[in-house]
Protein chains: 2
Amino acid sequence: MIWCVEDDAGIREIEIYTLESTGFQARGFADGADLQKALSSQRPELIILDVMLPGKDGVTLLRELRADPATRDVPVIMATAKGSEFDKIQSLDLGADDYLVKPFGMMELVSRVRAVLRRCRSAGEGEASLRWEGLVLDPEARAVTAEGQPVALTYKEFELLRRFLSRPGVVYSRDQLLTDVWGVDFAGETRTVDVHIRTLRQKLGGYGSCIQTVRQVGYRWKGKT
Amino acid sequence: MIWCVEDDAGIREIEIYTLESTGFQARGFADGADLQKALSSQRPELIILDVMLPGKDGVTLLRELRADPATRDVPVIMATAKGSEFDKIQSLDLGADDYLVKPFGMMELVSRVRAVLRRCRSAGEGEASLRWEGLVLDPEARAVTAEGQPVALTYKEFELLRRFLSRPGVVYSRDQLLTDVWGVDFAGETRTVDVHIRTLRQKLGGYGSCIQTVRQVGYRWKGKT
DNA sequence: GGCATTTTGTCAAATCTGTGTAAAATCTGG
DNA sequence: CCAGATTTTACACAGATTTGACAAAATGCC
């Protein structure tokens, strides 16, 4: 799925039409706010980002994308009408993967998208990061952030959180968590899980209350709404 | 089984014919009311939903589908004549799995259906939730909702309800329920079941009366209508 | 229809169980 | 051996479960 952020509806239509007719799935956004809202629940393969946008401009958006562990590794192609060298350098410095100068032909768009995707895929697909509102768990970096602030978790805590976030709302029994996180051959059969849940809850601060205990059964991440 | 919601009988016929001739089972509905009626007793693999419909429009229907735990995870492909960006974004935001713009070719329809099914199947099948009209029991989340409102049940209450909903109309004797829910080696043999049935009936509100007592025998969930 | 008997509904009190919590004990890698 | 992570232990408490007593309803008999 490729996302196009472009305020001009006409250009956006053409971009999407072109991408879809070439076999990509595509979706458009008129501004950065829409993009960021959608990013909170989904993750595109690639973003085509216009520099000139109402509200936050493309360069600012790019900077924010790169600052967030959850979106750090989404490829971005910047698009701009201005051919100014400044934008170009600045964007590439901030980590844009490629650059398109308007007016660009649709074949150029497609070929650049393909090129960037090819480049990024060969870089190896990483595990997607899990997120819940402002809480982000990055499996590759093995790091968790809450509203951008790092949360230091131990191994067991991290693995527990990973289970929860990967299936929010689903109840995990203590046994399940034990064999899952501790390993099938775990001897001890005490309040071990409880204690780790407690420390995890503490470290998660406000998100701590998202871990609900289901009496007689186990724990689950607070379901939607 | 794929369901097509489309008010134009001609288009509906063609969709169904195409899907069936490609090996799918398909069934058509003229409006949202018919769809929702059918959903109360069955569950399709995928829904193709027209945006322009008499009565409730497709976007509203989609929103309702996504709001209901029982249908939240049914894949939906939206179809529309309007190429309006608004509809498209809104639908995808609401969780449509794909989008078809009329007039679409039948081969495109089939390929999109295949793509969505492939994507959703790999998402892994969990336990199916049980439902009775507006009452939904989700075994994985261990949660029950009545008309979307959560119903807090204790362990025993949940297990009882699960028995009833899994075989509506079947009478369970107290002994059966005791060994089933309480365990084979349950000592106490008093009014225990009755008391739990009572609390369950209370918490279920209007659905409480669906638990019928069969004198001398036990209890059962109210059979069909 | 009355009446006795049995079965079920209801309530509140008593009991039991699982969980939260803190702190001590143990383990692990450097 | 140390620091930090993990596990164990112990105990109090909230909430679930069970018990027991009685009221209400259904059934069968005359």
# chains A, B, ... in the order shown; residues from 1 in each chain; ligands from 1
$ select_by_dssp --residues "segment 54-208 of chain B" --states "helix (DSSP H, G or I)" --output "NGL selection string"
:B and (58-67 or 85-94 or 106-122 or 155-166 or 174-182 or 192-203 or 205-208)
$ calpha_fit_rmsd --fixed "chain B" --moving "chain A"
1.2 Å
$ residues_around --residues "segment 11-26 of chain C" --least-positions-apart "4" --cutoff "8 Å" --atoms "only C-alpha atoms (C1' of nucleotides)" --output "MDAnalysis selection string"
(chainID A and resid 194 215:216) or (chainID D and resid 7:9 16:19)
$ closest_atom_pairs --of "chain B" --to "chain A" --cutoff "7 Å" --atoms "only C-alpha atoms" --output "tab-separated table"
residue	atom	partner	partner_atom	distance
B:Glu140	CA	A:Val170	CA	5.2
B:Ala141	CA	A:Val170	CA	4.2
B:Arg142	CA	A:Val171	CA	6.6
B:Tyr155	CA	A:Gln216	CA	6.5
$ residues_around --residues "DT6 of chain C" --least-positions-apart "2" --cutoff "12 Å" --atoms "only C-alpha atoms (C1' of nucleotides)" --output "list in words"
Arg215 and Gln216 of chain B; DA4 and DT8 of chain C; DA25, DA26, DT27 and DG28 of chain D
$ closest_residue --among "D:DA21, D:DA12, D:DC29, D:DC1" --to "chain B" --atoms "only C-alpha atoms (C1' of nucleotides)"
D:DA21
$ residues_around --residues "Trp182 of chain B" --least-positions-apart "6" --cutoff "12 Å" --atoms "only C-alpha atoms (C1' of nucleotides)" --output "JSON, numbers by chain"
{"B": [155, 156, 157, 159, 160, 174, 175, 176, 188, 189, 192, 193, 196], "D": [17]}
$ atom_distance --atom1 "atom CA of Phe158 of chain A" --atom2 "atom CA of Gly205 of chain A"
14.6 Å
$ residues_around --residues "Asp98 of chain B" --least-positions-apart "2" --cutoff "8 Å" --atoms "only C-alpha atoms (C1' of nucleotides)" --output "MDAnalysis selection string"
chainID B and resid 76:78 92 96 100 112 116
$ write_last_selection --atoms "C-alpha atoms" --output "PDB file, in the first residue's frame"
ATOM      1  CA  VAL B  76     -15.231  -5.678   3.310  1.00  0.00           C
ATOM      2  CA  ILE B  77     -14.661  -4.351  -0.184  1.00  0.00           C
ATOM      3  CA  MET B  78     -16.437  -1.085  -0.886  1.00  0.00           C
ATOM      4  CA  LEU B  92     -10.580   3.063   4.165  1.00  0.00           C
ATOM      5  CA  ALA B  96     -12.654  -1.280   4.454  1.00  0.00           C
ATOM      6  CA  LEU B 100     -13.700  -0.803  -6.211  1.00  0.00           C
ATOM      7  CA  ARG B 112      -9.477  -8.058  -5.551  1.00  0.00           C
ATOM      8  CA  VAL B 116      -8.324  -9.586   0.237  1.00  0.00           C
TER       9      VAL B 116
END
$ select_by_dssp --residues "segment 11-216 of chain A" --states "strand (DSSP E or B)" --output "VMD selection string"
chain A and resid 26 to 29 46 to 50 76 to 80 98 to 101 130 to 132 135 to 138 143 to 146 149 to 151 171 to 173 211 to 214
$ write_last_selection --atoms "N, CA and C atoms" --output "mmCIF file, in the first residue's frame"
data_model
loop_
_atom_site.group_PDB
_atom_site.id
_atom_site.type_symbol
_atom_site.label_atom_id
_atom_site.label_comp_id
_atom_site.auth_asym_id
_atom_site.auth_seq_id
_atom_site.Cartn_x
_atom_site.Cartn_y
_atom_site.Cartn_z
ATOM 1 N N ALA A 26 -3.000 1.964 -3.554
ATOM 2 C CA ALA A 26 -2.631 3.325 -3.209
ATOM 3 C C ALA A 26 -3.771 4.024 -2.503
ATOM 4 N N ARG A 27 -3.401 5.040 -1.779
ATOM 5 C CA ARG A 27 -4.384 5.788 -1.004
ATOM 6 C C ARG A 27 -3.864 7.203 -0.842
ATOM 7 N N GLY A 28 -4.770 8.185 -0.903
ATOM 8 C CA GLY A 28 -4.324 9.563 -0.869
ATOM 9 C C GLY A 28 -4.692 10.294 0.409
ATOM 10 N N PHE A 29 -3.909 11.301 0.743
ATOM 11 C CA PHE A 29 -4.212 12.162 1.887
ATOM 12 C C PHE A 29 -3.997 13.602 1.456
ATOM 13 N N LEU A 46 5.185 2.594 1.475
ATOM 14 C CA LEU A 46 5.968 3.748 1.006
ATOM 15 C C LEU A 46 5.080 4.987 1.041
ATOM 16 N N ILE A 47 5.682 6.135 1.288
ATOM 17 C CA ILE A 47 4.916 7.381 1.308
ATOM 18 C C ILE A 47 5.489 8.345 0.278
ATOM 19 N N ILE A 48 4.599 8.907 -0.536
ATOM 20 C CA ILE A 48 5.006 9.977 -1.438
ATOM 21 C C ILE A 48 4.524 11.272 -0.814
ATOM 22 N N LEU A 49 5.472 12.145 -0.507
ATOM 23 C CA LEU A 49 5.162 13.278 0.343
ATOM 24 C C LEU A 49 5.448 14.588 -0.380
ATOM 25 N N ASP A 50 4.403 15.369 -0.551
ATOM 26 C CA ASP A 50 4.579 16.674 -1.163
ATOM 27 C C ASP A 50 5.237 17.614 -0.155
ATOM 28 N N VAL A 76 10.282 7.033 2.060
ATOM 29 C CA VAL A 76 9.571 8.253 1.686
ATOM 30 C C VAL A 76 10.187 8.837 0.417
ATOM 31 N N ILE A 77 9.318 9.180 -0.528
ATOM 32 C CA ILE A 77 9.763 9.926 -1.699
ATOM 33 C C ILE A 77 9.181 11.324 -1.597
ATOM 34 N N MET A 78 10.025 12.326 -1.626
ATOM 35 C CA MET A 78 9.543 13.696 -1.537
ATOM 36 C C MET A 78 9.209 14.206 -2.930
ATOM 37 N N ALA A 79 8.150 15.021 -2.979
ATOM 38 C CA ALA A 79 7.781 15.620 -4.259
ATOM 39 C C ALA A 79 7.642 17.122 -4.068
ATOM 40 N N THR A 80 8.149 17.877 -5.013
ATOM 41 C CA THR A 80 8.022 19.325 -4.877
ATOM 42 C C THR A 80 7.998 20.010 -6.228
ATOM 43 N N ASP A 98 14.114 9.251 -1.877
ATOM 44 C CA ASP A 98 14.267 9.734 -3.242
ATOM 45 C C ASP A 98 13.540 11.063 -3.363
ATOM 46 N N TYR A 99 13.607 11.623 -4.548
ATOM 47 C CA TYR A 99 13.156 12.981 -4.739
ATOM 48 C C TYR A 99 12.516 13.097 -6.108
ATOM 49 N N LEU A 100 11.325 13.721 -6.160
ATOM 50 C CA LEU A 100 10.666 13.932 -7.449
ATOM 51 C C LEU A 100 10.448 15.428 -7.656
ATOM 52 N N VAL A 101 10.788 15.939 -8.828
ATOM 53 C CA VAL A 101 10.567 17.359 -9.097
ATOM 54 C C VAL A 101 9.396 17.520 -10.043
ATOM 55 N N LEU A 130 4.987 -2.529 16.829
ATOM 56 C CA LEU A 130 3.632 -2.586 17.352
ATOM 57 C C LEU A 130 3.344 -1.275 18.044
ATOM 58 N N ARG A 131 2.101 -0.822 17.911
ATOM 59 C CA ARG A 131 1.800 0.403 18.630
ATOM 60 C C ARG A 131 0.392 0.411 19.177
ATOM 61 N N TRP A 132 0.250 1.165 20.215
ATOM 62 C CA TRP A 132 -1.059 1.367 20.836
ATOM 63 C C TRP A 132 -1.097 2.809 21.285
ATOM 64 N N LEU A 135 2.009 4.535 22.503
ATOM 65 C CA LEU A 135 2.979 3.541 22.958
ATOM 66 C C LEU A 135 3.505 2.758 21.756
ATOM 67 N N VAL A 136 4.814 2.708 21.601
ATOM 68 C CA VAL A 136 5.387 2.035 20.448
ATOM 69 C C VAL A 136 6.417 1.007 20.883
ATOM 70 N N LEU A 137 6.272 -0.205 20.335
ATOM 71 C CA LEU A 137 7.241 -1.250 20.628
ATOM 72 C C LEU A 137 7.954 -1.613 19.326
ATOM 73 N N ASP A 138 9.223 -1.414 19.295
ATOM 74 C CA ASP A 138 10.011 -1.703 18.101
ATOM 75 C C ASP A 138 10.781 -3.004 18.329
ATOM 76 N N ALA A 143 13.097 -1.770 21.633
ATOM 77 C CA ALA A 143 12.909 -0.576 22.447
ATOM 78 C C ALA A 143 11.433 -0.229 22.502
ATOM 79 N N VAL A 144 11.050 0.367 23.582
ATOM 80 C CA VAL A 144 9.667 0.802 23.751
ATOM 81 C C VAL A 144 9.666 2.283 24.094
ATOM 82 N N THR A 145 8.766 3.019 23.468
ATOM 83 C CA THR A 145 8.635 4.432 23.799
ATOM 84 C C THR A 145 7.184 4.750 24.103
ATOM 85 N N ALA A 146 6.976 5.654 25.028
ATOM 86 C CA ALA A 146 5.639 6.153 25.335
ATOM 87 C C ALA A 146 5.646 7.640 25.074
ATOM 88 N N GLN A 149 8.965 9.132 24.674
ATOM 89 C CA GLN A 149 9.929 8.924 25.750
ATOM 90 C C GLN A 149 10.275 7.443 25.869
ATOM 91 N N PRO A 150 11.543 7.115 25.935
ATOM 92 C CA PRO A 150 11.937 5.704 26.048
ATOM 93 C C PRO A 150 11.486 5.086 27.368
ATOM 94 N N VAL A 151 11.081 3.839 27.290
ATOM 95 C CA VAL A 151 10.692 3.093 28.484
ATOM 96 C C VAL A 151 11.639 1.909 28.599
ATOM 97 N N VAL A 171 -7.173 -12.542 25.666
ATOM 98 C CA VAL A 171 -6.719 -12.916 26.995
ATOM 99 C C VAL A 171 -5.642 -13.991 26.905
ATOM 100 N N TYR A 172 -4.544 -13.779 27.616
ATOM 101 C CA TYR A 172 -3.498 -14.789 27.711
ATOM 102 C C TYR A 172 -3.531 -15.388 29.109
ATOM 103 N N SER A 173 -3.585 -16.700 29.185
ATOM 104 C CA SER A 173 -3.538 -17.340 30.491
ATOM 105 C C SER A 173 -2.109 -17.298 31.003
ATOM 106 N N ILE A 211 -3.213 -3.038 30.893
ATOM 107 C CA ILE A 211 -3.129 -4.470 31.144
ATOM 108 C C ILE A 211 -4.208 -4.834 32.155
ATOM 109 N N GLN A 212 -5.220 -5.482 31.681
ATOM 110 C CA GLN A 212 -6.325 -5.843 32.559
ATOM 111 C C GLN A 212 -6.157 -7.268 33.034
ATOM 112 N N THR A 213 -6.470 -7.495 34.314
ATOM 113 C CA THR A 213 -6.448 -8.876 34.746
ATOM 114 C C THR A 213 -7.839 -9.454 34.616
ATOM 115 N N VAL A 214 -7.895 -10.629 34.024
ATOM 116 C CA VAL A 214 -9.161 -11.340 33.875
ATOM 117 C C VAL A 214 -9.134 -12.463 34.896
#
$ interface_residues --of "chain C" --to "chain B" --cutoff "9 Å" --atoms "only C-alpha atoms (C1' of nucleotides)" --output "PyMOL selection string"
chain C and resi 7-10
